[in-house]
Amino acid sequence: MKKGILAALAALSLASPLLAVTDAEARSLLERAEQNTSFFGSDFTANCSVVQEKPGEGQSRTAAVMHRRDSAGKWAILITGPSKKDKGKGYLQSDGTVWFYDPSDGRFTFTSARDRFQNTNANTSDFAPQPYARSYAIERHSEARLGSFRCVVLDLRATAKDVEYPRMRLWVTADDGLVRKREDYSLSGQRLRTLAIPSYQSVPDGKSSRFVPVSMVIQDDLRGKKVGGKMVNERTVISLSSPSFAALDGSVYTKPYLEMMSAR
Amino acid sequence: MRIPVSLSLALRSFLHRRREYASLLLVCLFGVGVSLFSLSVSRGMISSLADKARIYYGGDYVVMGGTGEPSIDGAEEMAGRVEEAFRSAGIDAKASVRLDFDAKQAAYYFEGAEARQRVIKGVDFTRERGLLGRLTFVDGGLPEGDGAFAVLSRPAARTLGCSAGDEITLLLVDVSGYINTVRLTVAGVYRDSSVFGMYTSYVGRSALTEACGRPSSWANRVCVDTGAEGTDEASSSAALAALSGAGLAMFPPVRDKRVFYDALARGFPEPTFALVPLSANMTEVRVMEVAMKALSLFVISMLVVIIVAGIGSTWRVVVMKRLGELGIYRSVGMQRRTLLAALLWEAALLVSAGCAGGVALALSGQRLIRLADFTFIPSFDIFLTDGVVEPITDWAGGAVVIALVASATLAVVFRSVRRTVAMPPAEALASGDAS
C-alpha cells in the first residue's frame, strides 16, 4: 500500500509540468551557468584530490593545489603528491597557452587544454571556466528531474572552434543556475563523457558567496573494461577542499613560481 | 664420343682421392651454399619490403598536390584523368583515390579498449582489391566499396579485443578541430606489418572523409597501380608528359618526395601536382636496401675468398705430395699440357661437385627458412611475408657466384700447379721418393 502511494506520487511529480522555460530564459540560464564556473574579480585557490578508477587496475590518486585568476585567463595547478614521481609537476595557463612542467628535466612543454590531466579522465580544461554561453548555442531545451533537482536540460552545439566538445547536454537547476550533470558528445552525437556534480559548497567571496563544486565525477564513456561480463567505464573523481577567494600575488601564475614550488 | 685422356685421368684420380678431397668439397659446398642462400634471402626480403610499400602507398605511383597542402577536389574525376594519361603513355594502370589521414589525435575504441594508429588509410576496397588482397588475413577479409568498414592489423585488433564483424568506434579530430566519431564494422584482420614496421589500418574512404568533415569528392592522393610495370625512368617521364598534356600543372620529376613537400608547403599560385614514384617515397628504406645488398655482397665476397684461398693453397700441397706420381706420368711420355689439363680437370670436378652441392644446400635452406616464424624479432616484420622470410632464388646471381668461384679457383690452381708440372721427370721422381 505504502509502496503504491509512493509510486503514484512519483508518477504524478513526473507527469506534472516542472517548468515552462522560454528560449530567452534558457539562454539566460546558460549564461548564469557559465558565470557560476567563473570567478572573475578575485583569485581562487583550492586543494584538489583526483582519484581515478580503472576497472581491473585499481585506483590512482593525485593531490594538487589549484590557483585561478579568471579575469586574466590564468591558472596554475601544482601536483603535491602522493606519488613521488608526480610530485612537483605542474600546469600553467598563461597568454592562452597551456604549459606542462616536469621537474625531472626542468622543462616546460606545450600542451593543450584538451589533453588529459595526469592521464585521468579529466581534461586540463575541466579546471578552468567553462564557456557554455560564449562558445555554444542552444539547439533545444527541455525540463527534467535529476534526483531531487528540477533541472532545465540544455542541448548545446558549439559555435566556436576552440572548444573541447562540439556538442554538450547540460542539466542546470533553474533556481541557482548550477550545472548538476553534463554529457559531452562528439560531432556525430556519440556520448564521450559524463560529468556529475553531486553537490556544491558555498564559499565566502567578500560580502557575497560563491558556489564551488564539492566534487565532480567524470565517467569516460569510451574507455573501460569488461569485468565479470559487464562493461565498467573508467571514472575520475575530482574533489575540491579548502576553497578560498583570497587575493594572490601575480607571480603565482608564472613559470618561475611553478619551478620554485616544484623544488620544495 | 671419346673422353679426353686428361679428363679420364682426372675422374679416376678424383674418385680415388674422394676422401682426401672431402674437406675441400665441404668448404666449397658450404661456401657456395651460404652465398646462394644469402642472395635468395636478401632478394626475398627486399621483395617483401617492396610489396609492402606498394600496398602502403597504394601502388607504383602517387599523384598528389594542391596549392599549399595535399588536396584534390573532384578526386574521382582526377583519378579518371590520371588513368587515361597513363594509358596514353602506353602504361596499363589502375588509378584509385585515397585519403591518407594523420591519426596522431585519433584512436579506435571497442568495449572500453583503446588502440592508437599513426596513419589511417581511406581507401576504396573494391578498386584496390588487387593490392589490398595481398594482405594476409587471419580473420575476415576485404569488404566491398568504401563505406563504414575497417581492415585492422592483428596487433590493433588484439589491443581492442575485437574480431571481424565487430563494430568499433573511430574517434578523430575533424578539419574544423572538432572531436568526431564514426562507427565502423571490422571487415578483416591482417597480420602483415606496413613498410615502416608499423601497423596501418584501412578504412572506407567515404566514411573517413565524412568523419573528417571533408566533402565526399575530396581526397589527398590518387594512387596508380601499374602492377610493378612501367616504373623505369622512361615510363615515368612518359607518364609525366601525358599528365601535363591532360591539362594538369605538374611538378618536375622528383627522386625524393620531400622535395615536393617542401615546395608545396611554400605554396603554389595554382594547384600543382607531382607524380611521385614508389622509389621517391622510400628514401629512408632505400638506405636499408643498400645496406642489405652491401652486407650480402660482403658475405659472398668473404666466402668466395675463403673457397678460392682454401682450395688453392690446399691444392698446392696435394700436388706436392703427388710429385712422384706426376714424375711417372711424365717419364712414360705424358705431355705437360695433358698433365696440367688433368690436374685442372680434377680441380674443376671438385669445384663443380662443391657448387652442385652448394646449390642443393641453398635450395634446402630456402625451404627450411620458410618454416620459421620470425615475427618475434622486433621491427623485422617489414621483411616478412605472412610472418616468414620468403626467399627468391636468384639464378643469375647464383650463376655469377659459381662462375666466380670456378674461375678464381681454377686460376689459383693453375698458378700453383704450373711450375710443378714443368718440373723435369727425373726431378719429380726424386722429389716424390724423398717425400
# chains A, B, ... in the order shown; residues from 1 in each chain; ligands from 1

$ residues_around --residues "Asp256 in chain B" --least-positions-apart "6" --cutoff "10 Å" --atoms "only C-alpha atoms" --output "JSON, numbers by chain"
{"B": [276, 277, 278, 279, 280, 281, 282, 283, 284]}

$ write_last_selection --atoms "N, CA and C atoms" --output "compact mmCIF listing (two decimals), in the first residue's frame"
# COMPACT_ATOMS: atom_id res chain seq x y z
N VAL B 276 54.75 11.06 -58.01
CA VAL B 276 55.76 10.55 -57.08
C VAL B 276 55.88 9.04 -57.27
N PRO B 277 57.00 8.57 -57.83
CA PRO B 277 57.15 7.12 -57.96
C PRO B 277 57.39 6.49 -56.60
N LEU B 278 57.20 5.22 -56.52
CA LEU B 278 57.33 4.50 -55.26
C LEU B 278 58.71 4.72 -54.64
N SER B 279 59.73 4.74 -55.51
CA SER B 279 61.10 4.88 -55.01
C SER B 279 61.30 6.22 -54.30
N ALA B 280 60.57 7.25 -54.75
CA ALA B 280 60.72 8.57 -54.13
C ALA B 280 60.07 8.63 -52.76
N ASN B 281 59.19 7.66 -52.48
CA ASN B 281 58.57 7.58 -51.17
C ASN B 281 59.43 6.84 -50.18
N MET B 282 60.46 6.20 -50.70
CA MET B 282 61.14 5.22 -49.86
C MET B 282 62.61 5.53 -49.66
N THR B 283 62.93 6.83 -49.60
CA THR B 283 64.35 7.17 -49.47
C THR B 283 64.93 6.60 -48.17
N GLU B 284 64.14 6.57 -47.12
CA GLU B 284 64.67 6.01 -45.87
C GLU B 284 64.88 4.51 -46.01

$ closest_atom_pairs --of "chain B" --to "chain A" --cutoff "9 Å" --atoms "only C-alpha atoms" --output "Markdown table"
| residue | atom | partner | partner_atom | distance |
| --- | --- | --- | --- | --- |
| B:Tyr109 | CA | A:Leu222 | CA | 6.5 |
| B:Phe110 | CA | A:Leu222 | CA | 7.8 |
| B:Glu111 | CA | A:Lys225 | CA | 6.5 |
| B:Gly112 | CA | A:Gly224 | CA | 3.8 |
| B:Ala113 | CA | A:Arg223 | CA | 5.9 |
| B:Glu114 | CA | A:Arg223 | CA | 6.9 |
| B:Thr169 | CA | A:Leu222 | CA | 8.7 |
| B:Leu171 | CA | A:Ser186 | CA | 8.3 |
| B:Ser176 | CA | A:Lys161 | CA | 6.7 |
| B:Gly177 | CA | A:Lys161 | CA | 6.4 |
| B:Tyr178 | CA | A:Pro166 | CA | 5.8 |
| B:Ile179 | CA | A:Ser186 | CA | 5.4 |
| B:Asn180 | CA | A:Ser186 | CA | 4.7 |
| B:Thr181 | CA | A:Ser186 | CA | 6.0 |
| B:Val182 | CA | A:Ser188 | CA | 7.2 |
| B:Ala211 | CA | A:Ser188 | CA | 8.2 |

$ atom_distance --atom1 "CA of Asp166 in chain B" --atom2 "CA of Leu184 in chain B"
8.4 Å

$ atom_distance --atom1 "CA of Ser125 in chain A" --atom2 "CA of Val98 in chain A"
9.6 Å

$ residues_around --residues "range 116-122 of chain A" --least-positions-apart "6" --cutoff "7 Å" --atoms "only C-alpha atoms" --output "list in words"
Gln52, Ile218, Asp220, Arg235 and Thr236 of chain A

$ atom_distance --atom1 "CA of Val237 in chain A" --atom2 "CA of Tyr253 in chain A"
25.2 Å

$ closest_residue --among "B:Gln117, B:Thr385, B:Ser163, B:Thr409" --to "Ala50 in chain B" --atoms "only C-alpha atoms"
B:Thr385

$ residues_around --residues "Ser142 in chain A" --least-positions-apart "5" --cutoff "12 Å" --atoms "only C-alpha atoms" --output "PyMOL selection string"
chain A and resi 17-23+25-26+150-156+169-174

$ select_by_dssp --residues "range 2-210 of chain A" --states "strand (DSSP E)" --output "PyMOL selection string"
chain A and resi 44-54+58-69+74-81+90-94+97-102+107-111+136-146+149-158+167-173+179-185+191-196+200-205+208-210

$ residues_around --residues "Pro213 in chain A" --least-positions-apart "6" --cutoff "10 Å" --atoms "only C-alpha atoms" --output "ChimeraX atom specification"
/A:37,178-180,197-202,238-241,243

$ write_last_selection --atoms "all heavy atoms" --output "short mmCIF file (atom, residue, chain, number, x, y, z; two decimals), in the first residue's frame"
data_model
loop_
_atom_site.label_atom_id
_atom_site.label_comp_id
_atom_site.auth_asym_id
_atom_site.auth_seq_id
_atom_site.Cartn_x
_atom_site.Cartn_y
_atom_site.Cartn_z
N THR A 37 30.74 29.07 -13.18
CA THR A 37 32.01 28.33 -13.27
C THR A 37 33.20 29.29 -13.28
O THR A 37 34.35 28.85 -13.27
CB THR A 37 32.08 27.47 -14.54
OG1 THR A 37 32.15 28.32 -15.69
CG2 THR A 37 30.89 26.53 -14.64
N LEU A 178 23.12 26.28 -11.38
CA LEU A 178 24.30 25.43 -11.18
C LEU A 178 24.19 24.18 -12.07
O LEU A 178 23.13 23.58 -12.17
CB LEU A 178 24.43 25.01 -9.71
CG LEU A 178 24.75 26.14 -8.72
CD1 LEU A 178 24.65 25.63 -7.29
CD2 LEU A 178 26.14 26.71 -8.99
N VAL A 179 25.29 23.83 -12.68
CA VAL A 179 25.31 22.63 -13.52
C VAL A 179 25.38 21.41 -12.62
O VAL A 179 26.29 21.30 -11.78
CB VAL A 179 26.52 22.66 -14.49
CG1 VAL A 179 26.62 21.33 -15.25
CG2 VAL A 179 26.40 23.82 -15.46
N ARG A 180 24.44 20.50 -12.79
CA ARG A 180 24.39 19.30 -11.97
C ARG A 180 24.95 18.10 -12.73
O ARG A 180 25.49 17.18 -12.13
CB ARG A 180 22.95 19.00 -11.55
CG ARG A 180 22.29 20.15 -10.81
CD ARG A 180 22.88 20.33 -9.44
NE ARG A 180 22.39 21.54 -8.80
CZ ARG A 180 22.67 21.88 -7.55
NH1 ARG A 180 23.47 21.11 -6.82
NH2 ARG A 180 22.20 23.00 -7.04
N ILE A 197 27.98 16.55 -10.91
CA ILE A 197 28.43 17.36 -9.77
C ILE A 197 27.35 17.20 -8.70
O ILE A 197 26.32 17.89 -8.73
CB ILE A 197 28.60 18.84 -10.17
CG1 ILE A 197 29.56 18.93 -11.35
CG2 ILE A 197 29.11 19.66 -8.99
CD1 ILE A 197 29.71 20.31 -11.96
N PRO A 198 27.55 16.26 -7.78
CA PRO A 198 26.50 15.92 -6.82
C PRO A 198 26.15 17.07 -5.88
O PRO A 198 24.99 17.24 -5.52
CB PRO A 198 27.10 14.75 -6.04
CG PRO A 198 28.20 14.24 -6.88
CD PRO A 198 28.72 15.39 -7.66
N SER A 199 27.17 17.85 -5.49
CA SER A 199 26.85 18.92 -4.54
C SER A 199 27.85 20.06 -4.68
O SER A 199 28.95 19.90 -5.22
CB SER A 199 26.87 18.39 -3.11
OG SER A 199 28.14 17.85 -2.82
N TYR A 200 27.43 21.20 -4.20
CA TYR A 200 28.27 22.40 -4.20
C TYR A 200 28.46 22.87 -2.76
O TYR A 200 27.67 22.57 -1.87
CB TYR A 200 27.59 23.52 -5.00
CG TYR A 200 27.66 23.33 -6.51
CD1 TYR A 200 26.78 22.48 -7.17
CD2 TYR A 200 28.60 24.03 -7.27
CE1 TYR A 200 26.86 22.32 -8.56
CE2 TYR A 200 28.67 23.88 -8.66
CZ TYR A 200 27.79 23.02 -9.28
OH TYR A 200 27.86 22.86 -10.65
N GLN A 201 29.52 23.63 -2.57
CA GLN A 201 29.76 24.25 -1.27
C GLN A 201 29.75 25.76 -1.45
O GLN A 201 30.19 26.28 -2.47
CB GLN A 201 31.11 23.78 -0.70
CG GLN A 201 32.29 23.94 -1.65
CD GLN A 201 33.50 23.14 -1.24
OE1 GLN A 201 33.89 23.10 -0.08
NE2 GLN A 201 34.13 22.49 -2.22
N SER A 202 29.21 26.43 -0.44
CA SER A 202 29.14 27.89 -0.51
C SER A 202 30.42 28.45 0.10
O SER A 202 30.79 28.12 1.23
CB SER A 202 27.91 28.37 0.27
OG SER A 202 27.88 29.77 0.27
N ILE A 238 37.05 14.28 -8.94
CA ILE A 238 37.85 15.43 -8.52
C ILE A 238 37.13 16.06 -7.34
O ILE A 238 35.96 16.44 -7.44
CB ILE A 238 37.97 16.48 -9.64
CG1 ILE A 238 38.58 15.86 -10.89
CG2 ILE A 238 38.80 17.68 -9.17
CD1 ILE A 238 38.60 16.78 -12.09
N SER A 239 37.81 16.13 -6.21
CA SER A 239 37.22 16.73 -5.00
C SER A 239 37.97 18.01 -4.69
O SER A 239 39.20 18.04 -4.73
CB SER A 239 37.32 15.77 -3.82
OG SER A 239 36.72 14.54 -4.13
N LEU A 240 37.20 19.04 -4.39
CA LEU A 240 37.81 20.34 -4.06
C LEU A 240 37.62 20.60 -2.58
O LEU A 240 36.49 20.52 -2.07
CB LEU A 240 37.17 21.46 -4.87
CG LEU A 240 37.28 21.34 -6.39
CD1 LEU A 240 36.54 22.48 -7.09
CD2 LEU A 240 38.74 21.35 -6.82
N SER A 241 38.70 20.94 -1.92
CA SER A 241 38.60 21.25 -0.48
C SER A 241 39.38 22.53 -0.21
O SER A 241 40.22 22.95 -1.00
CB SER A 241 39.16 20.08 0.35
OG SER A 241 40.52 19.88 0.03
N PRO A 243 38.47 25.66 -0.33
CA PRO A 243 38.42 26.69 -1.37
C PRO A 243 38.52 28.08 -0.74
O PRO A 243 38.04 28.31 0.37
CB PRO A 243 37.05 26.47 -2.01
CG PRO A 243 36.23 25.82 -0.96
CD PRO A 243 37.16 25.05 -0.08
#

$ residues_around --residues "Arg264 in chain A" --least-positions-apart "3" --cutoff "12 Å" --atoms "only C-alpha atoms" --output "short mmCIF file (atom, residue, chain, number, x, y, z; two decimals) with N, CA, C and O atoms, in the first residue's frame"
data_model
loop_
_atom_site.label_atom_id
_atom_site.label_comp_id
_atom_site.auth_asym_id
_atom_site.auth_seq_id
_atom_site.Cartn_x
_atom_site.Cartn_y
_atom_site.Cartn_z
N LEU A 78 49.53 22.73 -9.28
CA LEU A 78 50.79 22.12 -8.85
C LEU A 78 50.47 20.78 -8.18
O LEU A 78 49.67 20.72 -7.23
N ILE A 79 51.09 19.73 -8.68
CA ILE A 79 50.88 18.40 -8.10
C ILE A 79 51.68 18.30 -6.81
O ILE A 79 52.90 18.55 -6.82
N THR A 80 50.99 17.93 -5.73
CA THR A 80 51.67 17.87 -4.43
C THR A 80 51.87 16.45 -3.92
O THR A 80 52.47 16.24 -2.89
N LYS A 87 55.04 14.28 -7.92
CA LYS A 87 55.14 15.47 -7.07
C LYS A 87 56.04 16.51 -7.74
O LYS A 87 57.13 16.19 -8.21
N GLY A 88 55.56 17.74 -7.75
CA GLY A 88 56.34 18.81 -8.34
C GLY A 88 55.95 19.12 -9.78
O GLY A 88 56.29 20.16 -10.33
N LYS A 89 55.21 18.21 -10.40
CA LYS A 89 54.76 18.51 -11.77
C LYS A 89 53.70 19.59 -11.72
O LYS A 89 53.02 19.75 -10.69
N PRO A 103 59.54 18.54 -13.27
CA PRO A 103 60.78 18.89 -12.57
C PRO A 103 61.93 17.93 -12.86
O PRO A 103 63.08 18.26 -12.66
N TYR A 257 57.46 30.56 -10.61
CA TYR A 257 56.76 30.15 -9.38
C TYR A 257 56.57 28.63 -9.37
O TYR A 257 56.82 27.98 -8.36
N LEU A 258 56.15 28.11 -10.48
CA LEU A 258 55.96 26.65 -10.57
C LEU A 258 57.29 25.94 -10.33
O LEU A 258 57.35 24.93 -9.62
N GLU A 259 58.33 26.47 -10.93
CA GLU A 259 59.65 25.84 -10.76
C GLU A 259 60.06 25.88 -9.29
O GLU A 259 60.57 24.91 -8.74
N MET A 260 59.80 27.03 -8.66
CA MET A 260 60.20 27.19 -7.26
C MET A 260 59.40 26.24 -6.37
O MET A 260 59.95 25.57 -5.51
N MET A 261 58.13 26.17 -6.60
CA MET A 261 57.28 25.32 -5.76
C MET A 261 57.58 23.86 -6.00
O MET A 261 57.47 23.03 -5.09
#

$ residues_around --residues "Ile311 in chain B" --least-positions-apart "3" --cutoff "9 Å" --atoms "only C-alpha atoms" --output "count of residues only"
15

$ select_by_dssp --residues "range 120-310 of chain B" --states "helix (DSSP H, G or I)" --output "ChimeraX atom specification"
/B:129-132,154-160,205-212,233-245,257-266,278-281,283-310

$ decode --residues "range 161-177 of chain A" --atoms "N, CA and C atoms" --output "PDB file, in the first residue's frame"
ATOM      1  N   LYS A 161      35.349  27.393 -32.562  1.00  0.00           N
ATOM      2  CA  LYS A 161      36.176  26.261 -32.981  1.00  0.00           C
ATOM      3  C   LYS A 161      37.026  25.721 -31.833  1.00  0.00           C
ATOM      4  N   ASP A 162      37.388  26.597 -30.911  1.00  0.00           N
ATOM      5  CA  ASP A 162      38.376  26.185 -29.910  1.00  0.00           C
ATOM      6  C   ASP A 162      37.709  25.591 -28.672  1.00  0.00           C
ATOM      7  N   VAL A 163      36.726  24.735 -28.884  1.00  0.00           N
ATOM      8  CA  VAL A 163      36.052  24.128 -27.744  1.00  0.00           C
ATOM      9  C   VAL A 163      36.486  22.676 -27.621  1.00  0.00           C
ATOM     10  N   GLU A 164      36.255  22.170 -26.443  1.00  0.00           N
ATOM     11  CA  GLU A 164      36.600  20.787 -26.149  1.00  0.00           C
ATOM     12  C   GLU A 164      35.716  19.829 -26.929  1.00  0.00           C
ATOM     13  N   TYR A 165      34.427  20.004 -26.749  1.00  0.00           N
ATOM     14  CA  TYR A 165      33.461  19.087 -27.343  1.00  0.00           C
ATOM     15  C   TYR A 165      32.461  19.854 -28.196  1.00  0.00           C
ATOM     16  N   PRO A 166      32.185  19.353 -29.381  1.00  0.00           N
ATOM     17  CA  PRO A 166      31.292  20.094 -30.269  1.00  0.00           C
ATOM     18  C   PRO A 166      29.834  20.076 -29.822  1.00  0.00           C
ATOM     19  N   ARG A 167      29.460  19.087 -29.027  1.00  0.00           N
ATOM     20  CA  ARG A 167      28.072  19.015 -28.561  1.00  0.00           C
ATOM     21  C   ARG A 167      28.064  18.646 -27.087  1.00  0.00           C
ATOM     22  N   MET A 168      27.054  19.181 -26.402  1.00  0.00           N
ATOM     23  CA  MET A 168      27.008  19.011 -24.946  1.00  0.00           C
ATOM     24  C   MET A 168      25.560  18.995 -24.499  1.00  0.00           C
ATOM     25  N   ARG A 169      25.333  18.320 -23.412  1.00  0.00           N
ATOM     26  CA  ARG A 169      23.993  18.403 -22.815  1.00  0.00           C
ATOM     27  C   ARG A 169      24.199  18.751 -21.349  1.00  0.00           C
ATOM     28  N   LEU A 170      23.517  19.798 -20.909  1.00  0.00           N
ATOM     29  CA  LEU A 170      23.677  20.242 -19.515  1.00  0.00           C
ATOM     30  C   LEU A 170      22.358  20.096 -18.769  1.00  0.00           C
ATOM     31  N   TRP A 171      22.491  19.670 -17.529  1.00  0.00           N
ATOM     32  CA  TRP A 171      21.362  19.696 -16.600  1.00  0.00           C
ATOM     33  C   TRP A 171      21.657  20.836 -15.628  1.00  0.00           C
ATOM     34  N   VAL A 172      20.838  21.877 -15.697  1.00  0.00           N
ATOM     35  CA  VAL A 172      21.087  23.072 -14.884  1.00  0.00           C
ATOM     36  C   VAL A 172      19.866  23.316 -14.010  1.00  0.00           C
ATOM     37  N   THR A 173      20.120  23.488 -12.726  1.00  0.00           N
ATOM     38  CA  THR A 173      18.987  23.795 -11.850  1.00  0.00           C
ATOM     39  C   THR A 173      18.553  25.233 -12.106  1.00  0.00           C
ATOM     40  N   ALA A 174      17.265  25.411 -12.315  1.00  0.00           N
ATOM     41  CA  ALA A 174      16.727  26.701 -12.750  1.00  0.00           C
ATOM     42  C   ALA A 174      16.863  27.768 -11.678  1.00  0.00           C
ATOM     43  N   ASP A 175      16.770  27.392 -10.423  1.00  0.00           N
ATOM     44  CA  ASP A 175      16.751  28.415  -9.381  1.00  0.00           C
ATOM     45  C   ASP A 175      18.135  28.984  -9.100  1.00  0.00           C
ATOM     46  N   ASP A 176      19.182  28.182  -9.259  1.00  0.00           N
ATOM     47  CA  ASP A 176      20.507  28.712  -8.918  1.00  0.00           C
ATOM     48  C   ASP A 176      21.490  28.686 -10.094  1.00  0.00           C
ATOM     49  N   GLY A 177      21.077  28.118 -11.240  1.00  0.00           N
ATOM     50  CA  GLY A 177      21.957  28.119 -12.416  1.00  0.00           C
ATOM     51  C   GLY A 177      23.202  27.280 -12.254  1.00  0.00           C
TER      52      GLY A 177
END
